[in-house]
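Undergrad: This is the structure I want to talk about, given as structure tokens.
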Amino acid sequence: MSIERIDESLCSGCGTCSDSCPMDVIRIDGERGKATIAYPEECTLCALCEIECPVGAIYVSPKRDVPMPTCFGV
Amino acid sequence: MQVEREIESDVLVIGGGMAGLFAAIKAKEEGSEVVLVDKNYVSRSGSTCFAEGDYSVFSTEWGHDLASWLDRVRVSGEYLNDPEWTEITLKDSIERYRDLLRMGVRAKEKEGGDILTYTRPGFGPLECCFLGRGWTFLPALRREASKRGVTIVDRVMVTDLILEDGVVAGACGFHTRTAEFYVFPAKAVVLCTGNGTFDMAGAMAPVSFLSYDGIAMAYRAGAEIGGMEFSCVGAAAFVAERDEKARIDVSGRTIHMAPAHYPAWVSYGPHISFNLDNYVDAEGFRVSRLTAPHAIHEGRGPILWVLDAARPEDLEATLRDIRDSRTTFRLERVGIDLAKGGVYAGVLRLESTPGHLIFGGGAGVVSKDKACATSLPGLYAGGDTCYTRAVGASYPAFGFGLRNASVTGARAGKAAALFSWKRGRISIDKERLRRVREYVYGPLERKGGFDPRWVHLQLQNLVTPYYALIIKRGDRLQAFLTIVEFLRDHISPKLLARDAHSLRLCHEARNRILALEMMLRSSLARTESRGIHYREDFPSRVDPYWLALVKIRGEGEMRVFREPIPEDYWPDMSEEYRKRYPMRFPGEDRALCEKD
């Protein structure tokens with residue numbers, strides 16, 4: 001699952017993880033002020049988000065199970 | 001219709017890794033208005049972000065000898081390097097290191113305060129120092145750029161250069177989150193977007209965002225490209241003399257460990273494979289990173305990683321590197337304790353990894369002078385985007401990529417600033433902009449079409465197997481090319497984007513298809529083996545015919561041509577072949593005997 005979860009009770013919405021992601025996987029949900037995993041299928045497990053998160057809210061799993069994309073993306 | 005934003009500058013730098021940050025800082029030092037744009041967040045982008053941290057500093061004060069360093073690069077680069085450029089990158093390096101010191105980036109020290117210098121097993125005698133992982137030192141460079149007044153634009157993917165009367169007048173692109181259209185009128189442009197990869201899983205290193213953007217946009221604008229047959233780090237094909245076993249380097253970065261479900265997890269463990277070179281094939285023969293692909297090609301896979309045979313000091317160095325990079329948790333999470341030793345059902349990565357960390361000047365946009373100017377007026381290139389030939393047909397030693405990025409980035413930034421002084425205010429033709437806009441947003445306007453992630457998967461499956469770009473052959477290259485032409489003509493124009501994020505993926509796919517065509521055509525053209533370019537059907541060097549470069553230019557079709565290098569730079573042709581080229585290719589001896 002690569003980036004597996006962001007603990008919302010810890011997340012302060014600071015945006016560090018979102019900035020740190022070179023694949024643009026993480027976005028900040030403006031309304032709730034929390035980080036969300038927007039495009040998990042592109043995570044390359046670099047784990048910068050987990051390493052950089054100031055409150056330890058992110059868990060990156062070593063397992064990566066990506067569904068096979070079809071030509072129409074569904 | 002997307003909102004249009006215009007940001008004007010004297011110098012536009014595209015790409016925010018080592019080269020781009022140096023280019024921006026140096027252009028600013030010259031007094032230019034500088035914009036630095038990146039499709040990611042500057043300091044969390046570029047291959048620099050995931051660089052091991054090896055940085056090669058040449059300094060006579062550190063006891064280095066210029067002649068022997070130059071000779072090493074020449075021999076390992078098999079005479080395709082430009083010795084003048086090699087010398088420049090060596091001599092500039094101490095200045096760039098001092099720049100880094102001023103920005104607060106320090107090389108690792110030994111106990112006692114001296115700088116730690118070292119070499120890596122199997123990569124020759126040229127030593128380097130250690131700056132730490134890219135992500136640990138890049139923020140210092142970003143801070144420096146900001147402090148000096150560089151305007152940083154994050155998360156905007158530049159797709160195309162804009163020319164007015166044959167001179168580069170800026171670039172345009174879109175915001176990868178809001179899809180807003182960005183226009184950057186600029187008096188000079190510096191491309192520092194690195195090279196590329198087709199490895200969408202980040203299995204070699206997590207740089208799946210590298211998609212040849214700068215090389216592709218320079219090609220589309222008419223610039224000369226070169227060295228693309230070497231744009232594949234996976235393919236070093238070296239043999240120590242009289243070693244009967246063929247050695248083909250897969251660059252050794254990756255170890256697939258059995259407990260890890262996915263290789264990226266541990267494979268991007270720091271320095272594991274560099275410090276610990278204990279591999280055996282299925283028949284129990286010791287193989288190195290260099291011999292692994294051929295062992296597998298011959299049916300002797302998988303390759304096992306025997307930690308029990310490691311020297312204790314190598315193991316300790318590895319563990320220290322992992323601790324330093326704060327990635328110990330990755331090993332713990334997959335249940336691996338390196339200190340306990342053991343045999344891992346790990347194999348070296350066999351798949352080729354086209355040039356994601358091409359070695360600092362071995363392929364890309366041709367630089368026509370020593371200031372990183374390209375064949376297009378107003379366009380400069382630095383880092384892995386720039387084909388300086390500071391290195392030749394292979395990677396001479398660790399630390400050259402990062403070092404050359406700082407050197408060429410700085411030179412390109414300065415030269416671009418000087419060029420910008422001579423130009424008046426830039427205005428971009430509205431009609432031209434409208435046409436570019438149509439190209440940029442095409443995938444978003446379409447009702448149906450192909451998913452870019454699917455296209456990326458096709459590309460990955462097509463060219464990452466070792467028999468594509470590590471062990472090459474004419475008939476296979478032609479077959480791959482036929483498919484790539486189909487992707488280019490029939491899939492690339494029908495890509496479908498659902499949002500700004502997938503619009504980025506569409507443009508990345510287009511650029512990758514284009515770069516792949518360049519790599520295949522260049523590999524076909526070079527009918528010999530040299531450095532990391534190995535062809536089964538032409539397993540030896542062909543002197544003097546291939547003491548030449550393969551260059552590309554877009555003229556309706558992709559035109560590939562051979563350009564001989566000056567005779568001054570030839571090896572000593574009176575010397576016996578095996579002396580000129582100490583490294584042996586598989587099948588080479590037989591081919592040479594048949595010729596004799």
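Naming scheme: A, B, ... for chains in displayed order of the structure tokens; residues 1 onward per chain; ligands 1 onward as shown.
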List the neighbours of range 18-34 of chain A out to 8 Å using only C-alpha atoms; skip same-chain residues closer than 4 positions along the sequence, and give me the result as a list in words.

TA: Glu8, Cys11, Ser12, Gly13, Ala38, Tyr39, Pro40, Glu42, Cys43, Thr44, Leu48, Cys49 and Glu52 of chain A; Asn40, Tyr41, Arg44, Ser45, Val207, Ser208, Phe209 and His501 of chain B

Undergrad: Which of these, B:Ala171, B:Leu331, B:Ile115, B:Leu36, has the shortest distance to chain A once you count only C-alpha atoms?

TA: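 Under the stated criterion, the closest residue is B:Leu331.
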
Undergrad: Apply DSSP to the backbone of this structure and, from chain A, keep only the residues in helix (DSSP H, G or I); write these as a ChimeraX atom specification.

TA: /A:16-20,40-42,48-52

Undergrad: Report the distance between CA of Ala23 in chain B and CA of Thr176 in chain B in Å, rounded to one decimal place.

TA: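 These atoms are spaced 23.4 Å apart.
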
Undergrad: Would you mind telling me which residue in A:Ser9, A:Ala35, A:Pro54, A:Leu45 lies nearest to chain B when using only C-alpha atoms?

TA: A:Leu45

Undergrad: Can you pull out every residue within 7 Å of Gly226 in chain B, counting only C-alpha atoms, but drop anything in the same chain fewer than 3 positions away, and send it as an MDAnalysis selection string?

TA: chainID B and resid 363:366 387 550:552
